[in-house]
Amino acid sequence: MNEITLRVNGTPHKVAVDDTTVLLDALRQRIGITSTREGCGVGACGACTVLADGTSVSSCLASAVRYDGVPLTTADGLAEDDPVVSSFVDSDAMQCGYCIPGFVLMTKELLAENPTPSDEEIADHLEGNICRCATYPEIIKAVRLAADRTAP
Ligand code: FES
Ligand code: FES
């Protein structure tokens, strides 16, 4: 076992992990972060996405020890009036909502890199995320709205 510090949404958490502990389990089971969801468990759905220093990571595949001290963002760390969060709400982009934290964080990453993405760039960036309720049209609308709200 190694003791590492996971810095989640600005708060440090000391957790004991072994070399095989994935970041998803450290967040959910050791810290109680439930907005990071387990979907496929094999890197194919995006439900478990977190941002590590602003870059998206599939936490179901990531070794927790690699993220010792790295600033992590999970969807519950975003403010209710965050423009991406409010855009997803205002666009009715969720049915069951299971996939939405992953889409929200991918959108945060996209708009930080590219504040005015084209529809094709939005689709490309989100292609690794799956919504089993198939609210894709509303999700794309939410990303467009978020881009409008955050445009410089
Ligand atoms: S649970 Fe990690 S990509 Fe699906
Ligand atoms: S809203 Fe249900 S899986 Fe996306």
# chains A, B, ... in the order shown; residues from 1 in each chain; ligands from 1
$ residues_around --residues "segment 49-52 of chain A" --least-positions-apart "5" --cutoff "9 Å" --atoms "only C-alpha atoms" --output "PyMOL selection string"
chain A and resi 24+36-37+57-60+67+70-75+101-103+105-106+108-109
$ write_last_selection --atoms "N, CA and C atoms" --output "PDB file, in the first residue's frame"
ATOM      1  N   LEU A  24     -10.697   5.687 -10.548  1.00  0.00           N
ATOM      2  CA  LEU A  24     -12.151   5.639 -10.362  1.00  0.00           C
ATOM      3  C   LEU A  24     -12.509   5.073  -8.983  1.00  0.00           C
ATOM      4  N   THR A  36     -18.404  10.736 -10.355  1.00  0.00           N
ATOM      5  CA  THR A  36     -17.539  10.008 -11.285  1.00  0.00           C
ATOM      6  C   THR A  36     -18.130   8.612 -11.405  1.00  0.00           C
ATOM      7  N   ARG A  37     -18.665   8.310 -12.582  1.00  0.00           N
ATOM      8  CA  ARG A  37     -19.500   7.120 -12.740  1.00  0.00           C
ATOM      9  C   ARG A  37     -18.730   5.961 -13.363  1.00  0.00           C
ATOM     10  N   VAL A  57      -9.312  12.405 -18.461  1.00  0.00           N
ATOM     11  CA  VAL A  57      -8.721  11.092 -18.185  1.00  0.00           C
ATOM     12  C   VAL A  57      -9.872  10.119 -17.950  1.00  0.00           C
ATOM     13  N   SER A  58      -9.771   8.927 -18.516  1.00  0.00           N
ATOM     14  CA  SER A  58     -10.723   7.860 -18.182  1.00  0.00           C
ATOM     15  C   SER A  58     -10.247   7.237 -16.875  1.00  0.00           C
ATOM     16  N   SER A  59     -10.941   7.568 -15.789  1.00  0.00           N
ATOM     17  CA  SER A  59     -10.418   7.164 -14.479  1.00  0.00           C
ATOM     18  C   SER A  59     -10.520   5.665 -14.243  1.00  0.00           C
ATOM     19  N   CYS A  60     -11.330   4.961 -15.059  1.00  0.00           N
ATOM     20  CA  CYS A  60     -11.425   3.514 -14.880  1.00  0.00           C
ATOM     21  C   CYS A  60     -10.169   2.797 -15.349  1.00  0.00           C
ATOM     22  N   TYR A  67      -1.610   9.894 -10.045  1.00  0.00           N
ATOM     23  CA  TYR A  67      -2.266  11.189  -9.854  1.00  0.00           C
ATOM     24  C   TYR A  67      -2.037  11.755  -8.447  1.00  0.00           C
ATOM     25  N   VAL A  70      -1.772  15.614  -8.201  1.00  0.00           N
ATOM     26  CA  VAL A  70      -2.225  16.291  -9.428  1.00  0.00           C
ATOM     27  C   VAL A  70      -3.605  16.919  -9.179  1.00  0.00           C
ATOM     28  N   PRO A  71      -3.820  18.184  -9.557  1.00  0.00           N
ATOM     29  CA  PRO A  71      -5.146  18.777  -9.358  1.00  0.00           C
ATOM     30  C   PRO A  71      -6.205  18.069 -10.218  1.00  0.00           C
ATOM     31  N   LEU A  72      -7.220  17.544  -9.550  1.00  0.00           N
ATOM     32  CA  LEU A  72      -8.288  16.814 -10.235  1.00  0.00           C
ATOM     33  C   LEU A  72      -9.593  17.599 -10.131  1.00  0.00           C
ATOM     34  N   THR A  73     -10.373  17.538 -11.194  1.00  0.00           N
ATOM     35  CA  THR A  73     -11.705  18.144 -11.174  1.00  0.00           C
ATOM     36  C   THR A  73     -12.724  17.063 -11.491  1.00  0.00           C
ATOM     37  N   THR A  74     -13.745  16.989 -10.637  1.00  0.00           N
ATOM     38  CA  THR A  74     -14.880  16.102 -10.923  1.00  0.00           C
ATOM     39  C   THR A  74     -16.108  16.996 -11.115  1.00  0.00           C
ATOM     40  N   ALA A  75     -17.156  16.433 -11.705  1.00  0.00           N
ATOM     41  CA  ALA A  75     -18.286  17.286 -12.082  1.00  0.00           C
ATOM     42  C   ALA A  75     -18.937  17.954 -10.878  1.00  0.00           C
ATOM     43  N   PRO A 101     -22.075  13.795 -16.169  1.00  0.00           N
ATOM     44  CA  PRO A 101     -20.822  14.342 -15.630  1.00  0.00           C
ATOM     45  C   PRO A 101     -19.651  14.206 -16.604  1.00  0.00           C
ATOM     46  N   GLY A 102     -19.595  13.081 -17.299  1.00  0.00           N
ATOM     47  CA  GLY A 102     -18.514  12.895 -18.268  1.00  0.00           C
ATOM     48  C   GLY A 102     -18.617  13.877 -19.421  1.00  0.00           C
ATOM     49  N   PHE A 103     -19.832  14.062 -19.934  1.00  0.00           N
ATOM     50  CA  PHE A 103     -20.004  15.016 -21.035  1.00  0.00           C
ATOM     51  C   PHE A 103     -19.689  16.443 -20.584  1.00  0.00           C
ATOM     52  N   LEU A 105     -17.595  17.428 -18.253  1.00  0.00           N
ATOM     53  CA  LEU A 105     -16.147  17.629 -18.111  1.00  0.00           C
ATOM     54  C   LEU A 105     -15.456  17.642 -19.470  1.00  0.00           C
ATOM     55  N   MET A 106     -15.915  16.815 -20.399  1.00  0.00           N
ATOM     56  CA  MET A 106     -15.337  16.868 -21.749  1.00  0.00           C
ATOM     57  C   MET A 106     -15.604  18.225 -22.390  1.00  0.00           C
ATOM     58  N   LYS A 108     -15.954  21.077 -20.723  1.00  0.00           N
ATOM     59  CA  LYS A 108     -15.037  22.024 -20.076  1.00  0.00           C
ATOM     60  C   LYS A 108     -13.671  21.975 -20.760  1.00  0.00           C
ATOM     61  N   GLU A 109     -13.191  20.779 -21.022  1.00  0.00           N
ATOM     62  CA  GLU A 109     -11.880  20.626 -21.674  1.00  0.00           C
ATOM     63  C   GLU A 109     -11.906  21.234 -23.074  1.00  0.00           C
TER      64      GLU A 109
END
$ select_by_dssp --residues "segment 42-82 of chain A" --states "helix (DSSP H, G or I)" --output "PyMOL selection string"
chain A and resi 64-67+75-77
$ residues_near_ligand --ligand "ligand 2" --cutoff "12 Å" --atoms "only C-alpha atoms and all ligand atoms" --output "MDAnalysis selection string"
chainID A and resid 37:40 45:47 88:89 92:104 129:139
$ closest_residue --among "A:Asp76, A:Asp82, A:Asp148, A:Glu127" --to "ligand 1" --atoms "only C-alpha atoms and all ligand atoms"
A:Glu127
$ select_by_dssp --residues "segment 36-125 of chain A" --states "strand (DSSP E)" --output "number ranges by chain"
A: 49-52, 55-58, 71-73
$ atom_distance --atom1 "atom CA of Arg30 of chain A" --atom2 "atom CA of Val15 of chain A"
6.8 Å
$ atom_distance --atom1 "atom CA of Arg66 of chain A" --atom2 "atom CA of Asp19 of chain A"
9.4 Å
$ closest_residue --among "A:Leu78, A:Ser118, A:Val17, A:Gly128" --to "ligand 1" --atoms "only C-alpha atoms and all ligand atoms"
A:Gly128
$ atom_distance --atom1 "atom CA of Leu111 of chain A" --atom2 "atom CA of Thr150 of chain A"
8.0 Å
$ closest_residue --among "A:Asp25, A:Asp119, A:Asp90, A:Asp53" --to "ligand 1" --atoms "only C-alpha atoms and all ligand atoms"
A:Asp25
$ closest_residue --among "A:Gly69, A:Arg149, A:Cys48, A:Ala112" --to "His13 of chain A" --atoms "only C-alpha atoms"
A:Gly69
$ closest_residue --among "A:Thr5, A:Val22, A:Gly43, A:Gly32" --to "ligand 1" --atoms "only C-alpha atoms and all ligand atoms"
A:Gly43
$ decode --residues "segment 94-126 of chain A" --atoms "N, CA and C atoms" --output "CSV table (one decimal), in the first residue's frame"
chain,number,residue,atom,x,y,z
A,94,MET,N,-30.4,16.0,-20.2
A,94,MET,CA,-30.3,14.7,-19.5
A,94,MET,C,-31.6,14.0,-19.3
A,95,GLN,N,-31.6,12.7,-19.4
A,95,GLN,CA,-32.7,11.9,-19.0
A,95,GLN,C,-32.4,11.2,-17.7
A,96,CYS,N,-31.7,10.1,-17.8
A,96,CYS,CA,-31.3,9.5,-16.5
A,96,CYS,C,-30.1,10.3,-15.8
A,97,GLY,N,-29.3,10.9,-16.7
A,97,GLY,CA,-28.2,11.7,-16.2
A,97,GLY,C,-26.9,11.0,-15.9
A,98,TYR,N,-26.9,9.7,-16.1
A,98,TYR,CA,-25.8,8.9,-15.7
A,98,TYR,C,-24.5,9.3,-16.4
A,99,CYS,N,-24.7,9.6,-17.7
A,99,CYS,CA,-23.5,10.0,-18.5
A,99,CYS,C,-23.1,11.4,-18.4
A,100,ILE,N,-23.9,12.3,-17.9
A,100,ILE,CA,-23.8,13.7,-18.0
A,100,ILE,C,-22.5,14.3,-17.4
A,101,PRO,N,-22.1,13.8,-16.2
A,101,PRO,CA,-20.8,14.3,-15.6
A,101,PRO,C,-19.7,14.2,-16.6
A,102,GLY,N,-19.6,13.1,-17.3
A,102,GLY,CA,-18.5,12.9,-18.3
A,102,GLY,C,-18.6,13.9,-19.4
A,103,PHE,N,-19.8,14.1,-19.9
A,103,PHE,CA,-20.0,15.0,-21.0
A,103,PHE,C,-19.7,16.4,-20.6
A,104,VAL,N,-20.1,16.8,-19.4
A,104,VAL,CA,-19.8,18.1,-18.9
A,104,VAL,C,-18.3,18.4,-18.8
A,105,LEU,N,-17.6,17.4,-18.3
A,105,LEU,CA,-16.1,17.6,-18.1
A,105,LEU,C,-15.5,17.6,-19.5
A,106,MET,N,-15.9,16.8,-20.4
A,106,MET,CA,-15.3,16.9,-21.7
A,106,MET,C,-15.6,18.2,-22.4
A,107,THR,N,-16.8,18.8,-22.1
A,107,THR,CA,-17.1,20.1,-22.7
A,107,THR,C,-16.2,21.2,-22.0
A,108,LYS,N,-16.0,21.1,-20.7
A,108,LYS,CA,-15.0,22.0,-20.1
A,108,LYS,C,-13.7,22.0,-20.8
A,109,GLU,N,-13.2,20.8,-21.0
A,109,GLU,CA,-11.9,20.6,-21.7
A,109,GLU,C,-11.9,21.2,-23.1
A,110,LEU,N,-13.0,20.9,-23.8
A,110,LEU,CA,-13.1,21.4,-25.2
A,110,LEU,C,-13.0,22.9,-25.2
A,111,LEU,N,-13.9,23.6,-24.4
A,111,LEU,CA,-14.0,25.0,-24.5
A,111,LEU,C,-12.8,25.7,-24.0
A,112,ALA,N,-12.0,25.1,-23.1
A,112,ALA,CA,-10.8,25.7,-22.6
A,112,ALA,C,-9.8,25.7,-23.7
A,113,GLU,N,-9.8,24.7,-24.6
A,113,GLU,CA,-8.9,24.6,-25.7
A,113,GLU,C,-9.4,25.4,-26.9
A,114,ASN,N,-10.7,25.4,-27.1
A,114,ASN,CA,-11.3,25.9,-28.3
A,114,ASN,C,-12.6,26.5,-28.0
A,115,PRO,N,-12.6,27.8,-27.7
A,115,PRO,CA,-13.8,28.5,-27.2
A,115,PRO,C,-15.0,28.6,-28.2
A,116,THR,N,-14.7,28.4,-29.5
A,116,THR,CA,-15.7,28.5,-30.5
A,116,THR,C,-15.7,27.3,-31.4
A,117,PRO,N,-16.0,26.1,-30.9
A,117,PRO,CA,-15.9,24.9,-31.7
A,117,PRO,C,-17.0,24.9,-32.8
A,118,SER,N,-16.6,24.3,-33.9
A,118,SER,CA,-17.6,24.0,-34.9
A,118,SER,C,-18.4,22.7,-34.5
A,119,ASP,N,-19.6,22.5,-35.1
A,119,ASP,CA,-20.3,21.3,-34.8
A,119,ASP,C,-19.5,20.0,-35.0
A,120,GLU,N,-18.6,20.0,-36.0
A,120,GLU,CA,-17.8,18.8,-36.3
A,120,GLU,C,-16.8,18.7,-35.1
A,121,GLU,N,-16.2,19.8,-34.7
A,121,GLU,CA,-15.2,19.7,-33.6
A,121,GLU,C,-15.9,19.3,-32.3
A,122,ILE,N,-17.1,19.7,-32.1
A,122,ILE,CA,-17.9,19.2,-30.9
A,122,ILE,C,-18.1,17.7,-31.0
A,123,ALA,N,-18.5,17.3,-32.1
A,123,ALA,CA,-18.8,15.8,-32.3
A,123,ALA,C,-17.5,15.0,-32.1
A,124,ASP,N,-16.4,15.5,-32.7
A,124,ASP,CA,-15.1,14.8,-32.6
A,124,ASP,C,-14.7,14.7,-31.1
A,125,HIS,N,-14.9,15.8,-30.4
A,125,HIS,CA,-14.3,15.8,-29.0
A,125,HIS,C,-15.2,14.9,-28.1
A,126,LEU,N,-16.4,14.8,-28.4
A,126,LEU,CA,-17.3,14.0,-27.6
A,126,LEU,C,-17.5,12.5,-28.1
